[in-house]
Amino acid sequence: MPKQQSKNRFGALPPQYHFVLNPFPDTRCSTCPNCGAKTGQRKLPLLIHIDPDTLIAINYTNRYCKRCNLLIGHRFDIERLLAETFREGKPEIIGNDYLIFATLEKKTWRESTQQPKPPAELREKASDFKSYQELQMSMGGWFHKDQEPPARKPPPSTEWVGKADK
């Protein structure tokens with residue numbers, strides 16, 4: 001009998017990590033944005049869906065907080081890797097919306113680099129994120145004690161830009 005799978009999940013494996021996407025190229029998370037503990041590194045294949053119908057796994061070194069079980073991906077690094085990957089074979093999808101939504105078992109990722117696997121097979125070895133967040137920051141500077149610092153806006157992408165956006 002097939003495993004029962006939640007309708008809101010892609011991966012058949014239980015969720016393992018929380019994930020934060022850092023959209024600021026000048027900010028590296030050497031400490032956890034949740035608990036303040038020092039972060040280490042964890043290299044894992046991230047599963048990414050790119051509109052309209054592309055599924056790819058990239059082996060990426062995330063910042064990692066052991067205490068929170070939190071992976072932190074840097075948007076500009078990930079977009080650079082994606083752009084390099086698709087520049088030759090599928091340049092028309094560069095700049096499309098994408099979602100980083102799961103990790104993939106390393107063995108499955110390694111095998112898929114040699115022989116691409118169908119989504120159904122990737123699903124069996126994928127683990128969705130427990131939660132997904134985007135890092136938000138306040139602007140620096142002096143503010144009145146009653147004034148809330150305004151949110152800092154992330155800069156636009158420089159790598160993940162399609163021909164229509166240039």
# chains A, B, ... in the order shown; residues from 1 in each chain; ligands from 1

$ closest_atom_pairs --of "stretch 27-114 of chain A" --to "stretch 119-133 of chain A" --cutoff "12 Å" --atoms "only C-alpha atoms" --output "CSV"
residue,atom,partner,partner_atom,distance
A:Pro33,CA,A:Gln133,CA,11.0
A:Asn34,CA,A:Gln133,CA,11.1
A:Leu44,CA,A:Ser127,CA,11.3
A:Pro45,CA,A:Ala126,CA,9.7
A:Leu46,CA,A:Ala126,CA,9.3
A:Leu47,CA,A:Ala126,CA,7.8
A:Ile48,CA,A:Asp128,CA,10.9
A:His49,CA,A:Pro119,CA,10.6
A:Asp53,CA,A:Pro119,CA,10.6
A:Thr54,CA,A:Pro119,CA,9.7
A:Leu55,CA,A:Pro119,CA,7.5
A:Ile56,CA,A:Pro119,CA,9.6
A:Ala57,CA,A:Leu122,CA,9.5
A:Cys68,CA,A:Lys130,CA,11.4
A:Asn69,CA,A:Lys130,CA,9.8
A:Leu70,CA,A:Ser131,CA,9.3
A:Leu71,CA,A:Phe129,CA,9.4
A:Ile72,CA,A:Gln133,CA,9.5
A:Gly73,CA,A:Gln133,CA,10.5
A:Leu99,CA,A:Tyr132,CA,10.1
A:Ile100,CA,A:Tyr132,CA,8.9
A:Phe101,CA,A:Asp128,CA,5.9
A:Ala102,CA,A:Asp128,CA,4.1
A:Thr103,CA,A:Ser127,CA,5.3
A:Leu104,CA,A:Ala126,CA,4.5
A:Glu105,CA,A:Lys125,CA,5.8
A:Lys106,CA,A:Lys125,CA,9.2
A:Lys107,CA,A:Lys125,CA,9.2
A:Thr108,CA,A:Lys125,CA,6.9
A:Trp109,CA,A:Leu122,CA,8.6
A:Arg110,CA,A:Leu122,CA,11.8
A:Glu111,CA,A:Leu122,CA,10.7
A:Ser112,CA,A:Leu122,CA,8.8

$ residues_around --residues "A:Thr85" --least-positions-apart "6" --cutoff "10 Å" --atoms "only C-alpha atoms" --output "PDB file with N, CA and C atoms, in the first residue's frame"
ATOM      1  N   ILE A  56      14.684  21.238 -10.230  1.00  0.00           N
ATOM      2  CA  ILE A  56      16.133  21.041 -10.205  1.00  0.00           C
ATOM      3  C   ILE A  56      16.606  20.926  -8.763  1.00  0.00           C
ATOM      4  N   ILE A  58      20.122  21.519  -6.549  1.00  0.00           N
ATOM      5  CA  ILE A  58      21.504  22.009  -6.555  1.00  0.00           C
ATOM      6  C   ILE A  58      22.128  21.694  -5.204  1.00  0.00           C
ATOM      7  N   GLU A  79      20.852  32.119  -6.891  1.00  0.00           N
ATOM      8  CA  GLU A  79      20.472  32.609  -8.218  1.00  0.00           C
ATOM      9  C   GLU A  79      21.649  32.569  -9.189  1.00  0.00           C
ATOM     10  N   PRO A  91      18.058  29.013 -21.444  1.00  0.00           N
ATOM     11  CA  PRO A  91      18.170  30.414 -21.009  1.00  0.00           C
ATOM     12  C   PRO A  91      16.826  31.131 -20.882  1.00  0.00           C
ATOM     13  N   ILE A  94      15.545  31.696 -17.232  1.00  0.00           N
ATOM     14  CA  ILE A  94      16.269  32.587 -16.319  1.00  0.00           C
ATOM     15  C   ILE A  94      15.410  33.819 -16.074  1.00  0.00           C
TER      16      ILE A  94
END

$ select_by_dssp --residues "stretch 15-130 of chain A" --states "alpha helix (DSSP H)" --output "PyMOL selection string"
chain A and resi 75-89+106-114+119-124

$ closest_residue --among "A:Ser30, A:Asn62, A:Asn22, A:Ser138" --to "A:Arg152" --atoms "only C-alpha atoms"
A:Ser138

$ residues_around --residues "A:Met139" --least-positions-apart "2" --cutoff "12 Å" --atoms "only C-alpha atoms" --output "list of chain:residue names"
A:Gln136, A:Met137, A:Gly141, A:Trp142, A:Phe143, A:Glu148, A:Pro149, A:Pro150, A:Ala151, A:Arg152, A:Lys153, A:Pro154

$ select_by_dssp --residues "chain A" --states "strand (DSSP E or B)" --output "JSON, numbers by chain"
{"A": [13, 18, 19, 20, 21, 22, 31, 38, 40, 41, 42, 43, 44, 45, 46, 47, 48, 49, 50, 54, 55, 56, 57, 58, 59, 60, 61, 62, 63, 64, 65, 70, 71, 72, 73, 74, 98, 99, 100, 101, 102, 103, 104, 126, 127, 128, 131, 132, 133, 134, 137, 138, 151, 152]}

$ closest_residue --among "A:Tyr64, A:Asp26, A:His74, A:Leu21" --to "A:Gln41" --atoms "only C-alpha atoms"
A:Tyr64

$ closest_residue --among "A:Glu159, A:Asp51, A:Asp97, A:Glu134" --to "A:Leu82" --atoms "only C-alpha atoms"
A:Glu159

$ atom_distance --atom1 "atom CA of A:Leu135" --atom2 "atom CA of A:Pro23"
6.8 Å
